[in-house]
$ cat work.tsv   # TSV, C-alpha atoms
chain	number	residue	atom	x	y	z
A	1258	MET	CA	0.00	0.00	0.00
A	1259	THR	CA	1.38	3.38	-1.01
A	1260	ILE	CA	1.29	6.42	1.25
A	1261	GLU	CA	-0.90	8.17	-1.34
A	1262	LEU	CA	-3.48	5.40	-1.17
A	1263	TRP	CA	-3.45	5.44	2.63
A	1264	LEU	CA	-3.90	9.23	2.70
A	1265	THR	CA	-6.84	8.89	0.34
A	1266	PHE	CA	-8.36	6.33	2.70
A	1267	VAL	CA	-7.80	8.64	5.69
A	1268	ALA	CA	-9.38	11.61	3.88
A	1269	THR	CA	-12.39	9.58	2.69
A	1270	SER	CA	-12.93	7.99	6.10
A	1271	SER	CA	-12.65	11.36	7.86
A	1272	LEU	CA	-15.32	12.89	5.62
A	1273	MET	CA	-17.60	9.92	6.23
A	1274	LEU	CA	-17.10	9.98	10.00
A	1275	VAL	CA	-17.67	13.69	10.46
A	1276	ILE	CA	-21.23	13.46	9.05
A	1277	PRO	CA	-23.51	12.93	12.09
A	1278	GLY	CA	-25.47	9.68	12.17
A	1279	PRO	CA	-27.25	7.69	14.90
A	1280	THR	CA	-23.94	6.98	16.68
A	1281	ILE	CA	-22.92	10.63	16.88
A	1282	ILE	CA	-26.44	11.63	17.92
A	1283	THR	CA	-26.18	9.15	20.79
A	1284	VAL	CA	-22.72	10.43	21.72
A	1285	LEU	CA	-23.91	14.05	21.76
A	1286	ALA	CA	-26.91	13.19	23.92
A	1287	TYR	CA	-24.93	11.23	26.49
A	1288	ALA	CA	-21.94	13.58	26.59
A	1289	GLY	CA	-24.17	16.61	27.04
A	1290	GLN	CA	-26.11	14.85	29.76
A	1291	ARG	CA	-23.25	13.12	31.64
A	1292	GLY	CA	-20.36	15.52	31.13
A	1293	ALA	CA	-16.64	14.93	30.71
A	1294	SER	CA	-16.66	11.63	32.62
A	1295	SER	CA	-18.63	10.08	29.74
A	1296	ILE	CA	-16.07	10.82	27.02
A	1297	LEU	CA	-13.77	7.81	27.49
A	1298	PRO	CA	-16.61	5.23	27.76
A	1299	LEU	CA	-18.27	6.72	24.67
A	1300	VAL	CA	-15.05	6.64	22.65
A	1301	CYS	CA	-14.42	3.03	23.67
A	1302	ALA	CA	-18.00	2.04	22.80
A	1303	VAL	CA	-17.80	3.57	19.33
A	1304	CYS	CA	-14.42	1.96	18.64
A	1305	LEU	CA	-15.71	-1.44	19.75
A	1306	GLY	CA	-18.86	-0.99	17.67
A	1307	ASP	CA	-16.88	-0.08	14.55
A	1308	ALA	CA	-14.51	-2.99	15.15
A	1309	THR	CA	-17.56	-5.28	15.33
A	1310	LEU	CA	-18.91	-3.93	12.04
A	1311	ILE	CA	-15.55	-4.33	10.32
A	1312	ALA	CA	-15.05	-7.84	11.67
A	1313	ALA	CA	-18.54	-8.81	10.48
A	1314	SER	CA	-17.86	-7.43	7.02
A	1315	LEU	CA	-14.48	-9.17	6.75
A	1316	ILE	CA	-15.88	-12.59	7.66
A	1317	GLY	CA	-18.40	-12.27	4.86
A	1318	LEU	CA	-21.53	-11.02	6.60
A	1319	GLY	CA	-21.44	-7.89	4.46
A	1320	SER	CA	-21.71	-9.98	1.30
A	1321	ILE	CA	-24.57	-12.00	2.79
A	1322	LEU	CA	-26.49	-8.87	3.72
A	1323	ALA	CA	-25.86	-7.36	0.31
A	1324	VAL	CA	-27.54	-10.28	-1.50
A	1325	SER	CA	-30.04	-11.51	1.11
A	1326	SER	CA	-32.94	-9.15	1.71
A	1327	ILE	CA	-34.25	-11.36	4.54
A	1328	ALA	CA	-30.99	-11.24	6.52
A	1329	PHE	CA	-30.62	-7.51	5.87
A	1330	ASN	CA	-34.18	-6.78	6.95
A	1331	ILE	CA	-33.84	-8.81	10.16
A	1332	ILE	CA	-30.80	-6.80	11.28
A	1333	LYS	CA	-32.40	-3.58	10.00
A	1334	VAL	CA	-35.56	-4.15	12.07
A	1335	VAL	CA	-33.55	-5.03	15.19
A	1336	GLY	CA	-31.32	-1.97	14.78
A	1337	GLY	CA	-34.17	0.41	13.94
A	1338	ALA	CA	-36.37	-0.84	16.77
A	1339	TYR	CA	-33.49	-0.48	19.23
A	1340	LEU	CA	-32.89	3.12	18.12
A	1341	ILE	CA	-36.57	3.96	18.57
A	1342	TRP	CA	-36.67	2.28	22.00
A	1343	LEU	CA	-33.55	4.14	23.09
A	1344	GLY	CA	-34.99	7.41	21.76
A	1345	PHE	CA	-38.23	6.99	23.71
A	1346	LYS	CA	-36.23	6.09	26.80
A	1347	MET	CA	-34.29	9.38	26.49
A	1348	LEU	CA	-37.52	11.32	25.92
A	1349	LYS	CA	-39.07	9.80	29.02
A	1350	SER	CA	-35.97	10.61	31.05
A	1351	SER	CA	-35.92	14.22	29.82
A	1352	ILE	CA	-39.55	14.72	30.87
A	1353	SER	CA	-39.41	13.05	34.30
A	1354	LYS	CA	-35.95	13.65	35.77
A	1355	PRO	CA	-35.52	12.89	39.50
A	1356	LYS	CA	-35.16	15.95	41.66
A	1357	ALA	CA	-35.38	15.40	45.41
A	1358	SER	CA	-33.19	12.33	45.64
A	1359	GLU	CA	-30.84	13.06	42.75
A	1360	ARG	CA	-27.74	12.80	44.93
A	1361	GLU	CA	-28.65	9.61	46.74
A	1362	GLY	CA	-26.58	6.65	45.71
A	1363	THR	CA	-24.47	8.79	43.41
A	1364	ASN	CA	-21.57	6.36	42.98
A	1365	GLN	CA	-23.79	3.37	42.27
A	1366	SER	CA	-25.94	5.45	39.92
A	1367	ALA	CA	-22.89	6.79	38.07
A	1368	SER	CA	-21.48	3.30	37.62
A	1369	HIS	CA	-24.81	2.05	36.30
A	1370	SER	CA	-25.04	5.04	33.94
A	1371	ARG	CA	-21.56	4.40	32.52
A	1372	ASN	CA	-22.43	0.78	31.82
A	1373	SER	CA	-25.74	1.83	30.31
A	1374	TYR	CA	-24.47	4.47	27.89
A	1375	PHE	CA	-21.45	2.35	26.97
A	1376	ARG	CA	-23.76	-0.56	26.10
A	1377	ASN	CA	-26.28	1.62	24.28
A	1378	THR	CA	-23.67	3.46	22.23
A	1379	TYR	CA	-21.97	0.19	21.29
A	1380	LEU	CA	-25.25	-1.38	20.17
A	1381	VAL	CA	-26.31	1.70	18.20
A	1382	THR	CA	-22.98	1.52	16.37
A	1383	ALA	CA	-22.85	-2.24	15.87
A	1384	LEU	CA	-26.52	-2.80	14.88
A	1385	ASN	CA	-26.13	-1.08	11.54
A	1386	PRO	CA	-26.58	-3.40	8.54
A	1387	LYS	CA	-25.67	-0.61	6.13
A	1388	GLY	CA	-22.38	-0.24	8.01
A	1389	ILE	CA	-21.55	-3.91	7.56
A	1390	VAL	CA	-22.34	-3.77	3.84
A	1391	PHE	CA	-20.43	-0.49	3.53
A	1392	PHE	CA	-17.23	-1.81	5.07
A	1393	GLY	CA	-17.43	-4.93	2.92
A	1394	ALA	CA	-17.44	-2.72	-0.18
A	1395	PHE	CA	-15.28	0.15	1.12
A	1396	LEU	CA	-12.15	-1.50	2.50
A	1397	PRO	CA	-11.27	-3.63	-0.58
A	1398	GLN	CA	-11.02	-0.47	-2.70
A	1399	PHE	CA	-7.86	0.50	-0.82
A	1400	VAL	CA	-6.16	-2.89	-0.94
A	1401	ASN	CA	-3.45	-3.71	-3.48
A	1402	VAL	CA	-4.23	-7.26	-4.65
A	1403	ASP	CA	-0.58	-7.79	-5.62
A	1404	LEU	CA	0.55	-7.44	-2.00
A	1405	PRO	CA	-0.27	-9.49	1.13
A	1406	MET	CA	-3.82	-8.70	2.27
A	1407	THR	CA	-3.51	-9.05	6.05
A	1408	PRO	CA	-0.97	-6.25	6.67
A	1409	GLN	CA	-2.92	-3.87	4.44
A	1410	LEU	CA	-6.26	-4.62	6.05
A	1411	SER	CA	-4.69	-4.28	9.50
A	1412	ILE	CA	-3.41	-0.81	8.63
A	1413	LEU	CA	-6.78	0.24	7.23
A	1414	VAL	CA	-8.78	-1.10	10.18
A	1415	ILE	CA	-6.48	0.43	12.80
A	1416	SER	CA	-6.47	3.75	10.93
A	1417	PHE	CA	-10.26	3.83	10.70
A	1418	ILE	CA	-10.78	2.99	14.38
A	1419	LEU	CA	-8.29	5.66	15.45
A	1420	LEU	CA	-10.09	8.19	13.25
A	1421	ALA	CA	-13.42	7.09	14.73
A	1422	ALA	CA	-11.99	7.54	18.23
A	1423	LEU	CA	-10.76	11.05	17.41
A	1424	ASN	CA	-14.07	11.99	15.79
A	1425	THR	CA	-16.07	10.69	18.76
A	1426	PHE	CA	-13.80	12.49	21.22
A	1427	CYS	CA	-14.24	15.80	19.37
A	1428	TYR	CA	-18.03	15.54	19.25
A	1429	ALA	CA	-18.26	14.43	22.89
A	1430	PHE	CA	-15.89	17.18	24.00
A	1431	LEU	CA	-17.92	19.83	22.17
A	1432	ALA	CA	-21.11	18.48	23.73
A	1433	THR	CA	-19.65	18.70	27.24
A	1434	LYS	CA	-18.51	22.26	26.59
A	1435	ALA	CA	-21.94	23.20	25.28
A	1436	SER	CA	-23.56	21.70	28.36
A	1437	LYS	CA	-21.59	24.10	30.55
A	1438	ALA	CA	-22.94	27.12	28.70
A	1439	VAL	CA	-26.25	26.93	30.56
A	1440	ALA	CA	-27.56	25.41	33.78
A	1441	ALA	CA	-26.56	21.75	34.15
A	1442	ARG	CA	-30.02	20.32	34.77
A	1443	GLN	CA	-31.57	22.38	31.98
A	1444	THR	CA	-28.86	21.37	29.51
A	1445	SER	CA	-29.05	17.71	30.46
A	1446	SER	CA	-32.77	17.66	29.85
A	1447	ARG	CA	-32.42	19.46	26.53
A	1448	PHE	CA	-29.71	17.09	25.31
A	1449	GLU	CA	-31.86	14.11	26.25
A	1450	LEU	CA	-34.92	15.62	24.57
A	1451	ALA	CA	-33.04	16.47	21.36
A	1452	GLY	CA	-31.17	13.16	21.39
A	1453	GLY	CA	-34.37	11.20	22.00
A	1454	LEU	CA	-36.17	12.88	19.10
A	1455	ALA	CA	-33.17	12.41	16.84
A	1456	LEU	CA	-32.81	8.72	17.73
A	1457	VAL	CA	-36.50	8.04	17.13
A	1458	SER	CA	-36.15	9.74	13.74
A	1459	ALA	CA	-32.98	7.78	12.97
A	1460	GLY	CA	-34.71	4.54	13.96
A	1461	ALA	CA	-37.67	5.31	11.70
A	1462	TYR	CA	-35.29	6.12	8.85
A	1463	THR	CA	-33.36	2.89	9.44
A	1464	LEU	CA	-36.59	0.88	9.23
A	1465	SER	CA	-37.44	2.57	5.91
A	1466	VAL	CA	-34.07	1.87	4.27
A	1467	GLU	CA	-34.08	-0.74	1.52
A	1468	THR	CA	-31.23	-3.12	0.59
$ encode --input "work.tsv" --output "structure tokens"
Amino acid sequence: MTIELWLTFVATSSLMLVIPGPTIITVLAYAGQRGASSILPLVCAVCLGDATLIAASLIGLGSILAVSSIAFNIIKVVGGAYLIWLGFKMLKSSISKPKASEREGTNQSASHSRNSYFRNTYLVTALNPKGIVFFGAFLPQFVNVDLPMTPQLSILVISFILLAALNTFCYAFLATKASKAVAARQTSSRFELAGGLALVSAGAYTLSVET
């Protein structure tokens, strides 16, 4: 793989990552709600989710989904339904936030929250059939068939995950900064409300997508 080809891959991947999708919407909602302590778990969740998508595409699931409408639709329905469920959960939380006993059990609550938004962000990222198909078609375009495949794919995968980590960090960091611009409780509720609406919309869009 030449440096020119790798730079093209980096530029293309960066443009793709910077466009907000369900994953970034989730990251913005959680980072704005939870603050700076959420950044590392969110970055790790996105990286793990992207790694799952890439692994699935490399073992051939991308090709299966590309030709099998039944398999594609099963994953699409699961992913879309999960996005809608998560969106409604955020909407409910934004409307009925606890007030009197907010500080009780803070450590246990914080630990549970970290596990929850790590899991949710990972699943939002990984349950994306279009992502699996995309990686199956995208990565081979940057591989030189005359050279060993494994080292090239390793470079591409590591590069993409590092770019995804940087992109997630930037969005999460901006969300935490924005949350400090107004009152914490007010901002948290607004991020959850906006994130919930966006996730419901993203879930509905996912369900409408055809193979």
$ closest_residue --input "work.tsv" --among "A:Trp1263, A:Ser1373, A:Cys1427, A:Lys1346" --to "Ser1411 (chain A)" --atoms "all atoms listed in the file"
A:Trp1263
$ residues_around --input "work.tsv" --residues "Ala1288 (chain A)" --least-positions-apart "3" --cutoff "9 Å" --atoms "all atoms listed in the file" --output "list in words"
Thr1283, Val1284, Leu1285, Arg1291, Gly1292, Ala1293, Ser1294, Ser1295, Ile1296, Leu1299, Tyr1428, Ala1429, Phe1430, Leu1431, Ala1432, Thr1433, Ser1436 and Phe1448 of chain A
$ atom_distance --input "work.tsv" --atom1 "CA of Gln1398 (chain A)" --atom2 "CA of Thr1269 (chain A)"
11.5 Å
$ atom_distance --input "work.tsv" --atom1 "CA of Val1267 (chain A)" --atom2 "CA of Leu1413 (chain A)"
8.6 Å
$ closest_residue --input "work.tsv" --among "A:Ser1314, A:Thr1309, A:Gln1290, A:Ser1465" --to "Pro1397 (chain A)" --atoms "only C-alpha atoms"
A:Ser1314
$ closest_residue --input "work.tsv" --among "A:Tyr1379, A:Tyr1287, A:Phe1266, A:Tyr1339" --to "Leu1305 (chain A)" --atoms "only C-alpha atoms"
A:Tyr1379
$ atom_distance --input "work.tsv" --atom1 "CA of Leu1456 (chain A)" --atom2 "CA of Ile1327 (chain A)"
24.1 Å
$ closest_residue --input "work.tsv" --among "A:Ala1338, A:Leu1396, A:Leu1450, A:Ile1418" --to "Gly1306 (chain A)" --atoms "all atoms listed in the file"
A:Ile1418
$ closest_residue --input "work.tsv" --among "A:Ile1316, A:Met1347, A:Ala1455, A:Ala1461" --to "Gly1393 (chain A)" --atoms "all atoms listed in the file"
A:Ile1316
$ residues_near_point --input "work.tsv" --point "(-31.5, 3.1, 20.2)" --cutoff "10 Å" --atoms "only C-alpha atoms" --output "PyMOL selection string"
chain A and resi 1279-1280+1283+1335-1347+1377-1378+1380-1382+1384+1453+1456-1457+1459-1460
$ residues_around --input "work.tsv" --residues "Leu1310 (chain A)" --least-positions-apart "4" --cutoff "8 Å" --atoms "all atoms listed in the file" --output "tab-separated table (two decimals) with C-alpha atoms, in the frame of the given file"
chain	number	residue	atom	x	y	z
A	1306	GLY	CA	-18.86	-0.99	17.67
A	1314	SER	CA	-17.86	-7.43	7.02
A	1383	ALA	CA	-22.85	-2.24	15.87
A	1385	ASN	CA	-26.13	-1.08	11.54
A	1388	GLY	CA	-22.38	-0.24	8.01
A	1389	ILE	CA	-21.55	-3.91	7.56
A	1392	PHE	CA	-17.23	-1.81	5.07
$ closest_residue --input "work.tsv" --among "A:Phe1426, A:Phe1395, A:Ala1435, A:Phe1417" --to "Leu1264 (chain A)" --atoms "all atoms listed in the file"
A:Phe1417
$ residues_around --input "work.tsv" --residues "Phe1375 (chain A)" --least-positions-apart "6" --cutoff "8 Å" --atoms "all atoms listed in the file" --output "PyMOL selection string"
chain A and resi 1298-1299+1301-1302
